[in-house]
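One structure below.
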Amino acid sequence: MPGYVKIGKTSNNLAQRVRDLSASTSVPLPFTVFYACKVNDANFVEHQLHDAFDNNRVNPRREFFQIAPERVVAALKLAEIENLTPKSDLIETQEDKEAHKEALERRGKFNFEIAGIPLGAEIYFGRDETKKAKVVDLHSAKSIEFNGEITSLSTSAQKILGYNYGIAGTDYWMYEGETLDERRRRIEGEE
């Protein structure tokens with residue numbers, strides 16, 4: 001759900017947990033897994049994450065937070081034993097896949113100029129700051145140069161992560177300490 005992160009745990013199969021969460025008619029979109037890992041004490045880690053990000057909680061009785069997912073990942077990596085993030089999409093039905101795709105597209109294409117990021121600027125991948133790209137177009141979908149290839153934020157992030165499904169590249173790429181999505185939201189909020 002673009003703009004929201006659910007921080008939770010499961011002792012069951014991850015795919016089944018996502019299926020159970022997504023099955024409810026009270027959620028507008030299927031859940032997607034941004035990040036999952038094995039930790040020693042899931043109850044403790046979940047409680048600490050909820051406490052750490054409490055000021056971003058949408059409702060005090062729910063596990064939803066309005067925060068860049070990479071911020072939660074950075075904290076969660078401190079307790080990670082093994083990364084369990086699926087490489088394949090867990091969205092099962094074609095209707096759900098289409099609804100999710102439309103929600104991502106509704107966010108609108110990222111515009112480097114509006115975000116105050118100049119042509120030629122260097123951006124970096126949040127999970128590995130050694131992976132850098134250069135802004136080569138301020139407005140088009142294929143707007144960065146990464147590893148000598150003109151590509152998009154999303155396609156490059158998919159390749160780096162090894163995912164075979166669509167993701168929002170603005171959640172992974174960073175500039176001046178902010179994810180591009182955080183930067184977009186901040187600037188939109190200031191206008």
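In the structure tokens, each chain is lettered A, B, ... as it comes, each chain's residues begin at 1, and ligands are numbered from 1 in order of appearance.
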For range 59-127 of chain A versus range 143-158 of chain A, which residues have an atom no more than 12 Å away, and what is each residue's nearest atom pair and distance in Å rounded to one decimal, using only C-alpha atoms, chain-then-number order, as JSON lines?
```
{"residue": "A:Lys87", "atom": "CA", "partner": "A:Gln158", "partner_atom": "CA", "distance": 9.5}
{"residue": "A:Ser88", "atom": "CA", "partner": "A:Gln158", "partner_atom": "CA", "distance": 10.9}
{"residue": "A:Asp89", "atom": "CA", "partner": "A:Gln158", "partner_atom": "CA", "distance": 11.8}
{"residue": "A:Leu104", "atom": "CA", "partner": "A:Ser154", "partner_atom": "CA", "distance": 10.9}
{"residue": "A:Glu105", "atom": "CA", "partner": "A:Ser154", "partner_atom": "CA", "distance": 11.7}
{"residue": "A:Lys109", "atom": "CA", "partner": "A:Leu153", "partner_atom": "CA", "distance": 10.2}
{"residue": "A:Phe110", "atom": "CA", "partner": "A:Leu153", "partner_atom": "CA", "distance": 9.0}
{"residue": "A:Asn111", "atom": "CA", "partner": "A:Ser143", "partner_atom": "CA", "distance": 9.3}
{"residue": "A:Phe112", "atom": "CA", "partner": "A:Ser143", "partner_atom": "CA", "distance": 8.7}
{"residue": "A:Glu113", "atom": "CA", "partner": "A:Ser143", "partner_atom": "CA", "distance": 11.3}
{"residue": "A:Ile117", "atom": "CA", "partner": "A:Ser143", "partner_atom": "CA", "distance": 11.8}
{"residue": "A:Pro118", "atom": "CA", "partner": "A:Ser143", "partner_atom": "CA", "distance": 11.7}
{"residue": "A:Leu119", "atom": "CA", "partner": "A:Ser143", "partner_atom": "CA", "distance": 9.5}
{"residue": "A:Gly120", "atom": "CA", "partner": "A:Ile144", "partner_atom": "CA", "distance": 9.1}
{"residue": "A:Ala121", "atom": "CA", "partner": "A:Ile144", "partner_atom": "CA", "distance": 9.6}
{"residue": "A:Glu122", "atom": "CA", "partner": "A:Ile144", "partner_atom": "CA", "distance": 9.3}
{"residue": "A:Ile123", "atom": "CA", "partner": "A:Ile144", "partner_atom": "CA", "distance": 9.0}
{"residue": "A:Tyr124", "atom": "CA", "partner": "A:Phe146", "partner_atom": "CA", "distance": 10.0}
{"residue": "A:Phe125", "atom": "CA", "partner": "A:Ala157", "partner_atom": "CA", "distance": 7.9}
{"residue": "A:Gly126", "atom": "CA", "partner": "A:Ala157", "partner_atom": "CA", "distance": 10.0}
{"residue": "A:Arg127", "atom": "CA", "partner": "A:Ala157", "partner_atom": "CA", "distance": 10.2}
```
TODO: Using backbone DSSP assignments, extract all strand (DSSP E) residues from range 43-173 of chain A; output them as a list in words.
DONE: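 Written out, the strand (DSSP E) residues of range 43-173 of chain A are Phe64, Phe65, Glu80, Ile81, Glu82, Asn83, Glu122, Ile123, Tyr124, Phe125, Asp128, Glu129, Thr130, Lys131, Lys132, Ala133, Lys134, Val135, Ile144, Glu145, Phe146, Glu149, Ile150, Thr151 and Trp173 of chain A.
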- [ ] Enumerate the residues of chain A with a DSSP assignment of helix (DSSP H, G or I), computed from the backbone, and present them as a PyMOL selection string.
- [x] chain A and resi 14-23+42-52+54-56+69-76+94-106+153-161+169-171+180-190
Please save C-alpha atoms of the selected residues as a PDB file, in the first residue's frame.
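To be explicit, this is the file written out as part.pdb:
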```
ATOM      1  CA  LEU A  14       5.447 -15.865   4.972  1.00  0.00           C
ATOM      2  CA  ALA A  15       3.494 -16.456   1.761  1.00  0.00           C
ATOM      3  CA  GLN A  16       0.532 -17.768   3.762  1.00  0.00           C
ATOM      4  CA  ARG A  17       0.651 -14.756   6.105  1.00  0.00           C
ATOM      5  CA  VAL A  18       0.567 -12.376   3.139  1.00  0.00           C
ATOM      6  CA  ARG A  19      -2.292 -14.374   1.622  1.00  0.00           C
ATOM      7  CA  ASP A  20      -4.255 -14.160   4.886  1.00  0.00           C
ATOM      8  CA  LEU A  21      -3.704 -10.401   5.211  1.00  0.00           C
ATOM      9  CA  SER A  22      -4.617  -9.769   1.568  1.00  0.00           C
ATOM     10  CA  ALA A  23      -7.766 -11.920   1.636  1.00  0.00           C
ATOM     11  CA  ALA A  42      10.507 -11.686  16.874  1.00  0.00           C
ATOM     12  CA  ASN A  43       8.291 -10.355  19.684  1.00  0.00           C
ATOM     13  CA  PHE A  44      11.102  -8.207  21.069  1.00  0.00           C
ATOM     14  CA  VAL A  45      12.213  -6.937  17.646  1.00  0.00           C
ATOM     15  CA  GLU A  46       8.650  -6.100  16.602  1.00  0.00           C
ATOM     16  CA  HIS A  47       8.045  -4.232  19.863  1.00  0.00           C
ATOM     17  CA  GLN A  48      11.291  -2.264  19.465  1.00  0.00           C
ATOM     18  CA  LEU A  49      10.469  -1.302  15.882  1.00  0.00           C
ATOM     19  CA  HIS A  50       6.971  -0.208  16.862  1.00  0.00           C
ATOM     20  CA  ASP A  51       8.448   1.860  19.685  1.00  0.00           C
ATOM     21  CA  ALA A  52      11.175   3.371  17.491  1.00  0.00           C
ATOM     22  CA  ASP A  54       5.766   5.260  17.054  1.00  0.00           C
ATOM     23  CA  ASN A  55       5.676   8.895  15.902  1.00  0.00           C
ATOM     24  CA  ASN A  56       4.975   7.568  12.381  1.00  0.00           C
ATOM     25  CA  PRO A  69      10.121   1.444   4.053  1.00  0.00           C
ATOM     26  CA  GLU A  70      13.922   1.690   3.758  1.00  0.00           C
ATOM     27  CA  ARG A  71      14.011   3.407   7.194  1.00  0.00           C
ATOM     28  CA  VAL A  72      12.403   0.335   8.758  1.00  0.00           C
ATOM     29  CA  VAL A  73      14.714  -1.987   6.813  1.00  0.00           C
ATOM     30  CA  ALA A  74      17.781  -0.115   8.104  1.00  0.00           C
ATOM     31  CA  ALA A  75      16.657  -0.693  11.698  1.00  0.00           C
ATOM     32  CA  LEU A  76      15.563  -4.281  11.094  1.00  0.00           C
ATOM     33  CA  GLN A  94      -4.570 -11.191 -11.862  1.00  0.00           C
ATOM     34  CA  GLU A  95      -7.102  -8.699 -10.437  1.00  0.00           C
ATOM     35  CA  ASP A  96      -4.857  -8.029  -7.437  1.00  0.00           C
ATOM     36  CA  LYS A  97      -1.778  -7.686  -9.661  1.00  0.00           C
ATOM     37  CA  GLU A  98      -3.565  -5.111 -11.817  1.00  0.00           C
ATOM     38  CA  ALA A  99      -4.837  -3.179  -8.781  1.00  0.00           C
ATOM     39  CA  HIS A 100      -1.333  -3.078  -7.316  1.00  0.00           C
ATOM     40  CA  LYS A 101       0.192  -1.950 -10.618  1.00  0.00           C
ATOM     41  CA  GLU A 102      -2.415   0.824 -10.946  1.00  0.00           C
ATOM     42  CA  ALA A 103      -1.698   1.998  -7.388  1.00  0.00           C
ATOM     43  CA  LEU A 104       2.011   2.268  -8.169  1.00  0.00           C
ATOM     44  CA  GLU A 105       1.264   4.173 -11.376  1.00  0.00           C
ATOM     45  CA  ARG A 106      -1.129   6.516  -9.545  1.00  0.00           C
ATOM     46  CA  LEU A 153      14.764   3.859 -11.162  1.00  0.00           C
ATOM     47  CA  SER A 154      12.482   0.809 -10.851  1.00  0.00           C
ATOM     48  CA  THR A 155      14.190  -1.412 -13.411  1.00  0.00           C
ATOM     49  CA  SER A 156      17.622  -0.747 -11.923  1.00  0.00           C
ATOM     50  CA  ALA A 157      16.368  -1.440  -8.384  1.00  0.00           C
ATOM     51  CA  GLN A 158      14.753  -4.697  -9.579  1.00  0.00           C
ATOM     52  CA  LYS A 159      18.053  -5.809 -11.100  1.00  0.00           C
ATOM     53  CA  ILE A 160      20.068  -4.939  -7.998  1.00  0.00           C
ATOM     54  CA  LEU A 161      17.646  -6.804  -5.727  1.00  0.00           C
ATOM     55  CA  GLY A 169      12.398   2.549  -7.515  1.00  0.00           C
ATOM     56  CA  THR A 170      11.850   5.776  -5.572  1.00  0.00           C
ATOM     57  CA  ASP A 171      11.640   3.668  -2.389  1.00  0.00           C
ATOM     58  CA  LEU A 180      13.461   9.826  -3.610  1.00  0.00           C
ATOM     59  CA  ASP A 181       9.928   9.082  -2.420  1.00  0.00           C
ATOM     60  CA  GLU A 182      10.594  10.837   0.914  1.00  0.00           C
ATOM     61  CA  ARG A 183      11.980  13.812  -0.991  1.00  0.00           C
ATOM     62  CA  ARG A 184       8.934  13.924  -3.279  1.00  0.00           C
ATOM     63  CA  ARG A 185       6.526  13.765  -0.319  1.00  0.00           C
ATOM     64  CA  ARG A 186       8.449  16.444   1.600  1.00  0.00           C
ATOM     65  CA  ILE A 187       8.491  18.842  -1.356  1.00  0.00           C
ATOM     66  CA  GLU A 188       4.821  18.189  -2.159  1.00  0.00           C
ATOM     67  CA  GLY A 189       4.006  18.904   1.504  1.00  0.00           C
ATOM     68  CA  GLU A 190       5.875  22.217   1.365  1.00  0.00           C
TER      69      GLU A 190
END
```
- [ ] Have a look at A:Asn164, A:Thr179, A:Thr93, A:Thr10 and name the one nearest to Cys37 in chain A; count only C-alpha atoms.
- [x] A:Thr10
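Between CA of Ala79 in chain A and CA of Ala36 in chain A lies a distance of 11.5 Å.
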Open item on the list: So the first atom is CA of Asn83 in chain A and the second is CA of Tyr35 in chain A; what is the distance between them in Å, to one decimal place?
Closed with: 7.9 Å
Task: Coordinates-based distance that separates CA of Pro28 in chain A from CA of Gly166 in chain A (Å, one decimal) - done: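 Between these atoms lies a distance of 18.4 Å.
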